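**Q** This is input.txt (compact mmCIF, C-alpha atoms and all ligand atoms).
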```
# COMPACT_ATOMS: atom_id res chain seq x y z
CA MET A 20 -5.13 -50.68 46.16
CA THR A 21 -7.66 -47.86 46.29
CA ASP A 22 -9.34 -47.97 49.73
CA PRO A 23 -12.42 -50.27 49.43
CA ALA A 24 -14.29 -47.61 51.46
CA TYR A 25 -14.21 -45.53 48.27
CA PHE A 26 -16.36 -48.12 46.47
CA ASP A 27 -18.67 -48.42 49.50
CA ALA A 28 -19.18 -44.64 49.40
CA MET A 29 -19.75 -44.65 45.64
CA TYR A 30 -22.42 -47.37 45.78
CA ALA A 31 -23.97 -45.88 48.93
CA ALA A 32 -24.72 -42.82 46.79
CA GLY A 33 -26.87 -44.84 44.39
CA ASP A 34 -27.03 -47.68 41.90
CA ASP A 35 -25.21 -45.84 39.11
CA PRO A 36 -22.34 -43.92 40.73
CA TRP A 37 -20.33 -43.43 37.52
CA GLY A 38 -23.31 -42.54 35.32
CA PHE A 39 -23.05 -45.65 33.12
CA ASP A 40 -26.80 -45.51 32.42
CA HIS A 41 -27.02 -41.92 31.18
CA LEU A 42 -23.63 -40.35 30.30
CA TRP A 43 -22.77 -40.12 26.61
CA TYR A 44 -19.09 -40.54 27.62
CA GLU A 45 -19.94 -43.98 29.00
CA GLN A 46 -22.13 -45.06 26.09
CA ARG A 47 -19.46 -43.94 23.60
CA LYS A 48 -16.75 -45.76 25.56
CA ARG A 49 -18.81 -48.98 25.53
CA ASP A 50 -19.58 -48.66 21.82
CA LEU A 51 -15.89 -48.11 21.02
CA THR A 52 -14.89 -51.03 23.24
CA VAL A 53 -17.12 -53.57 21.54
CA ALA A 54 -16.39 -52.08 18.10
CA VAL A 55 -12.62 -52.77 18.34
CA LEU A 56 -13.03 -56.46 19.22
CA PRO A 57 -11.52 -58.28 16.24
CA ARG A 58 -13.81 -61.34 16.28
CA ARG A 59 -17.52 -61.25 15.56
CA ARG A 60 -18.28 -63.85 18.23
CA TYR A 61 -16.58 -65.15 21.35
CA ASP A 62 -17.34 -68.35 23.19
CA HIS A 63 -16.74 -67.43 26.83
CA ALA A 64 -15.78 -63.87 27.85
CA LEU A 65 -14.47 -62.75 31.22
CA GLU A 66 -15.12 -59.21 32.48
CA VAL A 67 -13.47 -58.06 35.72
CA GLY A 68 -14.67 -55.03 37.66
CA SER A 69 -18.01 -55.34 35.87
CA SER A 70 -19.90 -52.92 38.16
CA THR A 71 -23.64 -52.80 37.43
CA GLY A 72 -23.37 -54.78 34.21
CA VAL A 73 -23.88 -52.08 31.58
CA LEU A 74 -20.79 -53.02 29.55
CA SER A 75 -21.63 -56.67 30.31
CA ALA A 76 -24.98 -56.22 28.52
CA ALA A 77 -23.12 -55.04 25.41
CA LEU A 78 -20.64 -57.91 25.66
CA ILE A 79 -23.27 -60.65 25.95
CA ALA A 80 -24.47 -59.66 22.48
CA ARG A 81 -21.07 -60.78 21.16
CA CYS A 82 -20.48 -63.96 23.13
CA GLU A 83 -22.14 -67.24 24.06
CA ARG A 84 -21.25 -67.02 27.75
CA LEU A 85 -19.98 -64.26 30.01
CA THR A 86 -18.44 -64.47 33.48
CA CYS A 87 -18.36 -61.18 35.43
CA VAL A 88 -16.31 -60.59 38.57
CA GLU A 89 -17.06 -57.56 40.73
CA LEU A 90 -15.93 -56.46 44.18
CA HIS A 91 -19.07 -54.75 45.41
CA PRO A 92 -22.18 -56.79 46.33
CA ARG A 93 -24.56 -53.91 45.55
CA ALA A 94 -23.16 -53.64 42.02
CA VAL A 95 -23.45 -57.41 41.64
CA ASP A 96 -27.14 -57.30 42.64
CA VAL A 97 -27.84 -54.60 40.04
CA ALA A 98 -25.87 -56.48 37.36
CA ARG A 99 -27.69 -59.75 38.07
CA ARG A 100 -31.05 -58.02 37.65
CA ARG A 101 -29.91 -56.24 34.48
CA LEU A 102 -28.56 -59.42 32.91
CA ALA A 103 -31.27 -61.82 34.09
CA ALA A 104 -32.77 -62.16 30.61
CA ALA A 105 -29.56 -63.84 29.42
CA GLY A 106 -30.22 -66.69 31.87
CA ASP A 107 -27.38 -69.11 32.45
CA ARG A 108 -25.32 -67.57 29.66
CA VAL A 109 -24.17 -64.97 32.25
CA ARG A 110 -22.65 -65.56 35.68
CA VAL A 111 -21.95 -62.57 37.94
CA GLU A 112 -19.66 -63.36 40.88
CA VAL A 113 -18.68 -61.28 43.88
CA GLY A 114 -14.89 -61.39 43.78
CA ASP A 115 -11.78 -59.37 44.43
CA ILE A 116 -9.33 -59.58 41.55
CA ARG A 117 -6.47 -59.14 44.01
CA ARG A 118 -7.20 -62.74 45.00
CA TRP A 119 -9.60 -64.12 42.37
CA ARG A 120 -8.02 -66.30 39.68
CA PRO A 121 -9.60 -67.65 36.49
CA THR A 122 -10.47 -71.33 36.65
CA GLU A 123 -11.98 -71.71 33.16
CA ALA A 124 -10.81 -71.04 29.63
CA HIS A 125 -11.83 -67.68 28.15
CA ASP A 126 -11.35 -66.39 24.63
CA LEU A 127 -12.05 -62.76 25.60
CA VAL A 128 -10.76 -60.92 28.71
CA VAL A 129 -12.18 -57.43 29.34
CA LEU A 130 -10.29 -55.14 31.76
CA SER A 131 -12.24 -51.91 31.61
CA GLU A 132 -11.59 -49.04 34.03
CA VAL A 133 -10.45 -51.29 36.86
CA LEU A 134 -6.68 -51.82 36.70
CA TYR A 135 -5.77 -48.34 37.96
CA TYR A 136 -7.19 -49.24 41.37
CA LEU A 137 -4.51 -51.91 41.89
CA ASP A 138 -1.12 -51.58 43.52
CA ASP A 139 2.02 -52.79 41.74
CA ARG A 140 1.95 -56.38 42.98
CA ASP A 141 -1.75 -56.94 42.23
CA LEU A 142 -1.50 -55.28 38.82
CA ALA A 143 1.47 -57.54 37.99
CA SER A 144 -0.57 -60.56 39.06
CA VAL A 145 -3.61 -59.65 36.90
CA THR A 146 -1.44 -58.82 33.88
CA SER A 147 0.40 -62.13 34.35
CA TRP A 148 -2.74 -64.30 34.21
CA SER A 149 -4.09 -62.12 31.39
CA ARG A 150 -0.93 -62.81 29.40
CA THR A 151 -1.31 -66.55 30.07
CA MET A 152 -4.88 -66.41 28.74
CA ARG A 153 -3.82 -64.30 25.74
CA ASP A 154 -1.05 -66.78 24.94
CA ALA A 155 -3.65 -69.56 25.11
CA GLY A 156 -5.82 -67.81 22.50
CA ALA A 157 -7.78 -65.04 24.22
CA THR A 158 -8.25 -61.49 23.01
CA VAL A 159 -7.43 -59.12 25.90
CA VAL A 160 -8.99 -55.64 25.77
CA ALA A 161 -8.09 -52.91 28.27
CA VAL A 162 -9.90 -49.58 28.63
CA ASP A 163 -8.80 -46.71 30.87
CA PHE A 164 -9.72 -43.12 31.68
CA ARG A 165 -6.80 -40.75 30.99
CA HIS A 166 -7.60 -37.83 33.30
CA PRO A 167 -6.20 -37.72 36.86
CA VAL A 168 -8.50 -39.06 39.59
CA PRO A 169 -7.37 -38.70 43.23
CA GLU A 170 -8.58 -42.19 44.19
CA HIS A 171 -6.67 -43.95 41.40
CA VAL A 172 -3.36 -45.58 42.31
CA ARG A 173 -1.94 -44.69 38.88
CA SER A 174 -3.00 -43.04 35.65
CA GLY A 175 -4.60 -44.83 32.74
CA ASP A 176 -1.49 -44.24 30.64
CA GLU A 177 0.66 -45.83 33.36
CA VAL A 178 -1.63 -48.90 33.34
CA HIS A 179 -1.12 -49.25 29.59
CA ALA A 180 2.66 -48.93 29.93
CA VAL A 181 2.54 -51.89 32.36
CA LEU A 182 0.32 -53.83 29.92
CA HIS A 183 2.77 -53.19 27.08
CA ASP A 184 5.63 -54.53 29.22
CA ALA A 185 3.62 -57.66 30.01
CA LEU A 186 1.73 -58.28 26.76
CA GLY A 187 3.80 -56.57 24.08
CA ALA A 188 2.43 -54.40 21.30
CA SER A 189 -1.32 -54.01 20.91
CA MET A 190 -3.17 -55.10 17.76
CA ALA A 191 -5.38 -52.01 17.91
CA THR A 192 -5.35 -48.77 19.89
CA TYR A 193 -7.95 -46.05 20.27
CA ARG A 194 -6.74 -43.00 22.21
CA ASP A 195 -8.20 -39.53 22.72
CA ASP A 196 -7.93 -36.96 25.51
CA ASP A 197 -10.35 -38.95 27.68
CA MET A 198 -9.66 -42.65 27.21
CA VAL A 199 -7.33 -45.30 25.86
CA ILE A 200 -8.58 -48.64 24.53
CA GLU A 201 -6.11 -51.34 23.51
CA VAL A 202 -6.57 -54.82 22.09
CA PHE A 203 -3.91 -57.44 22.76
CA ALA A 204 -4.54 -60.22 20.31
CA ALA A 205 -3.72 -63.90 20.63
CA PRO A 206 -0.49 -65.04 18.93
CA GLY A 207 -1.08 -65.49 15.20
CA GLU A 208 -4.39 -63.60 15.18
CA GLN A 209 -4.79 -61.92 11.80
CA SER A 210 -6.52 -58.69 10.95
CA VAL A 211 -10.23 -58.83 10.20
CA ALA A 212 -9.60 -58.08 6.50
CA VAL A 213 -7.06 -60.91 6.22
CA THR A 214 -9.35 -63.31 8.09
CA GLU A 215 -12.23 -62.53 5.71
CA GLY A 216 -10.08 -62.73 2.56
CA LEU A 217 -10.17 -59.03 1.76
CA ALA A 218 -6.40 -58.69 2.04
CA PRO A 219 -3.48 -61.11 1.69
CA PRO A 220 -1.68 -62.30 4.82
CA PRO A 221 1.37 -60.13 5.62
C1 LIG B 301 -15.33 -47.60 37.11
S1 LIG B 301 -16.15 -49.13 37.37
C2 LIG B 301 -15.91 -49.91 35.76
C3 LIG B 301 -17.14 -50.65 35.26
C4 LIG B 301 -17.00 -51.32 33.89
N1 LIG B 301 -15.87 -52.21 33.84
C5 LIG B 301 -16.93 -50.30 32.78
O1 LIG B 301 -15.84 -49.99 32.29
O2 LIG B 301 -17.98 -49.78 32.37
C6 LIG B 301 -14.95 -50.01 38.35
C7 LIG B 301 -15.52 -51.22 39.07
O3 LIG B 301 -14.42 -52.04 39.50
C8 LIG B 301 -14.74 -52.60 40.74
N2 LIG B 301 -13.49 -53.00 41.41
C9 LIG B 301 -12.55 -52.19 41.95
N3 LIG B 301 -11.56 -52.92 42.48
C10 LIG B 301 -11.88 -54.23 42.28
C11 LIG B 301 -11.27 -55.47 42.63
N4 LIG B 301 -10.12 -55.50 43.32
N5 LIG B 301 -11.87 -56.62 42.26
C12 LIG B 301 -13.05 -56.59 41.57
N6 LIG B 301 -13.69 -55.44 41.22
C13 LIG B 301 -13.10 -54.28 41.58
C14 LIG B 301 -15.48 -51.48 41.47
O4 LIG B 301 -16.29 -51.96 42.53
C15 LIG B 301 -16.30 -50.87 40.33
O5 LIG B 301 -17.58 -51.44 40.28
```
Let's see the structure in the file written out as structure tokens.
**A**
Amino acid sequence: MTDPAYFDAMYAAGDDPWGFDHLWYEQRKRDLTVAVLPRRRYDHALEVGSSTGVLSAALIARCERLTCVELHPRAVDVARRRLAAAGDRVRVEVGDIRRWRPTEAHDLVVLSEVLYYLDDRDLASVTSWSRTMRDAGATVVAVDFRHPVPEHVRSGDEVHAVLHDALGASMATYRDDDMVIEVFAAPGEQSVAVTEGLAPPP
């Protein structure tokens, strides 16, 4: 895994080390992420590596409940303050996804800009429980930066190759020079047009 001292140094520099609150790149990435979700509403979403809760705030608008898991206590404090208005609909936990395991059912799993910090064994573990949740009915969405970053264990494209091996083909893909977003739908999930009667089932 990326040395945890990297995250300590990032959060020591301030409460928004990646510029989630002001960069257009980040706002656009969040907007694209929530736009590709195939269902209008989710019951209970899981977001891992949730940082200061900016994407979480966009997700809570689409789900009844949201559980966030984040390594760094400073980020968790900021996220809890940001998301306080949602009350008990949101739970933000300090947790390390190298060891943390889901204990509840989720119908949405969000893996945004976090998997490239993991080594092979931990990435295999997270993709394995994500596949189990997908097979049980969850939508899994993965988002990754595509440019090289020295602190990343692997590139965003390499993360998505691992996800394809574990989860199969994606239902939807957005890719540009900067980012890749993929949606791995639950078995039998139909397109939005088919679901709403605008097109016949294939
Ligand atoms: C680049 S931020 C992504 C934030 C958010 N998911 C987004 O896309 O806007 C990555 C976050 O993942 C967290 N993280 C890194 N490794 C982690 C781990 N093993 N378990 C939980 N969180 C982790 C970091 O502390 C950091 O806050």
**Q** What does the distance between CA of Val113 in chain A and CA of Glu201 in chain A come to in Å, to one decimal place?
**A**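 Rounded to one decimal, the two atoms are 25.9 Å apart.
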**Q** Kindly provide, as a ChimeraX atom specification, all nucleotide and amino acid residues lying within 6 Å of ligand LIG 301 (chain B), counting all atoms listed in the file.
**A** /A:26,68-70,74,88-91,114-117,131-133,136
**Q** Do you have the CA of Val111 in chain A-CA of Ala98 in chain A distance handy?
**A** 7.3 Å
**Q** Which is closer to Arg120 in chain A than all the others in A:Ala103, A:Leu65, A:Leu85, A:Val95, using all atoms listed in the file?
**A** A:Leu65
**Q** One decimal, in Å: what's the spacing between CA of Val128 in chain A and CA of Ser149 in chain A?
**A** 7.3 Å
**Q** Using all atoms listed in the file, which of the listed residues (A:Ala24, A:Val181, A:Leu130, A:Cys87) sits closest to Val202 in chain A?
**A**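 Residue with the minimum atom-to-atom distance to Val202 in chain A: A:Leu130.
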**Q** For Ala212 in chain A, find every residue with an atom within 12 Å (counting only C-alpha atoms), except residues of its own chain fewer than 5 positions away, and show them as an mmCIF file with C-alpha atoms, in the coordinates of the input.
**A**
```cif
data_model
loop_
_atom_site.group_PDB
_atom_site.id
_atom_site.type_symbol
_atom_site.label_atom_id
_atom_site.label_comp_id
_atom_site.auth_asym_id
_atom_site.auth_seq_id
_atom_site.Cartn_x
_atom_site.Cartn_y
_atom_site.Cartn_z
ATOM 1 C CA PRO A 57 -11.520 -58.280 16.240
ATOM 2 C CA ARG A 58 -13.810 -61.340 16.280
ATOM 3 C CA LEU A 217 -10.170 -59.030 1.760
ATOM 4 C CA ALA A 218 -6.400 -58.690 2.040
ATOM 5 C CA PRO A 219 -3.480 -61.110 1.690
ATOM 6 C CA PRO A 220 -1.680 -62.300 4.820
ATOM 7 C CA PRO A 221 1.370 -60.130 5.620
#
```
**Q** I'd like the neighbourhood of Val73 in chain A as a PyMOL selection string, where a residue qualifies if any of its atoms comes within 10 Å (using only C-alpha atoms), though same-chain residues fewer than 3 positions away should be ignored.
**A** chain A and resi 35+39-40+45-46+49+69-70+76-78+97-98+101-102
**Q** Do you know which residues are at most 7 Å from range 153-159 of chain A counting all atoms listed in the file, after dropping those on the same chain fewer than 3 positions away, and could you put them as a ChimeraX atom specification?
**A** /A:125-129,149-150,202-206
**Q** For Asp176 in chain A, find every residue with an atom within 8 Å (counting only C-alpha atoms), except residues of its own chain fewer than 5 positions away, and show them as a ChimeraX atom specification.
**A** /A:163,165,199
**Q** Using all atoms listed in the file, determine which residues lie at most 12 Å from Val168 in chain A, disregarding the query and same-chain residues fewer than 4 positions distant; provide the list as a list in words.
**A**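 Skipping anything fewer than 4 positions along the chain leaves Thr21, Glu132, Tyr135, Tyr136, Asp163, Phe164, Val172, Arg173, Ser174 and Gly175 of chain A.
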**Q** Which one is closest to Val53 in chain A: A:Tyr193, A:Val213, A:His41, A:Glu177? Count only C-alpha atoms.
**A**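 Comparing A:Tyr193, A:Val213, A:His41, A:Glu177 against Val53 in chain A, the winner is A:Tyr193.
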**Q** Nearest to Asp141 in chain A: which of A:Tyr44, A:Met29, A:Arg118, A:Met198 is it, counting only C-alpha atoms?
**A**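 When distances to Asp141 in chain A are compared using only C-alpha atoms, the smallest one comes from A:Arg118.
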**Q** Choose the residue, out of A:Ser75, A:Glu66, A:Ser189, A:Glu83, that has the smallest atom-to-atom separation from Leu134 in chain A; count all atoms listed in the file.
**A**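 Among A:Ser75, A:Glu66, A:Ser189, A:Glu83, it is A:Glu66 that comes nearest to Leu134 in chain A.
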**Q** Return the single residue from A:Trp37, A:Glu123, A:Leu51, A:Tyr30 that is closest to His63 in chain A, with distances computed using all atoms listed in the file.
**A**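 Using all atoms listed in the file, the shortest distance to His63 in chain A belongs to A:Glu123.
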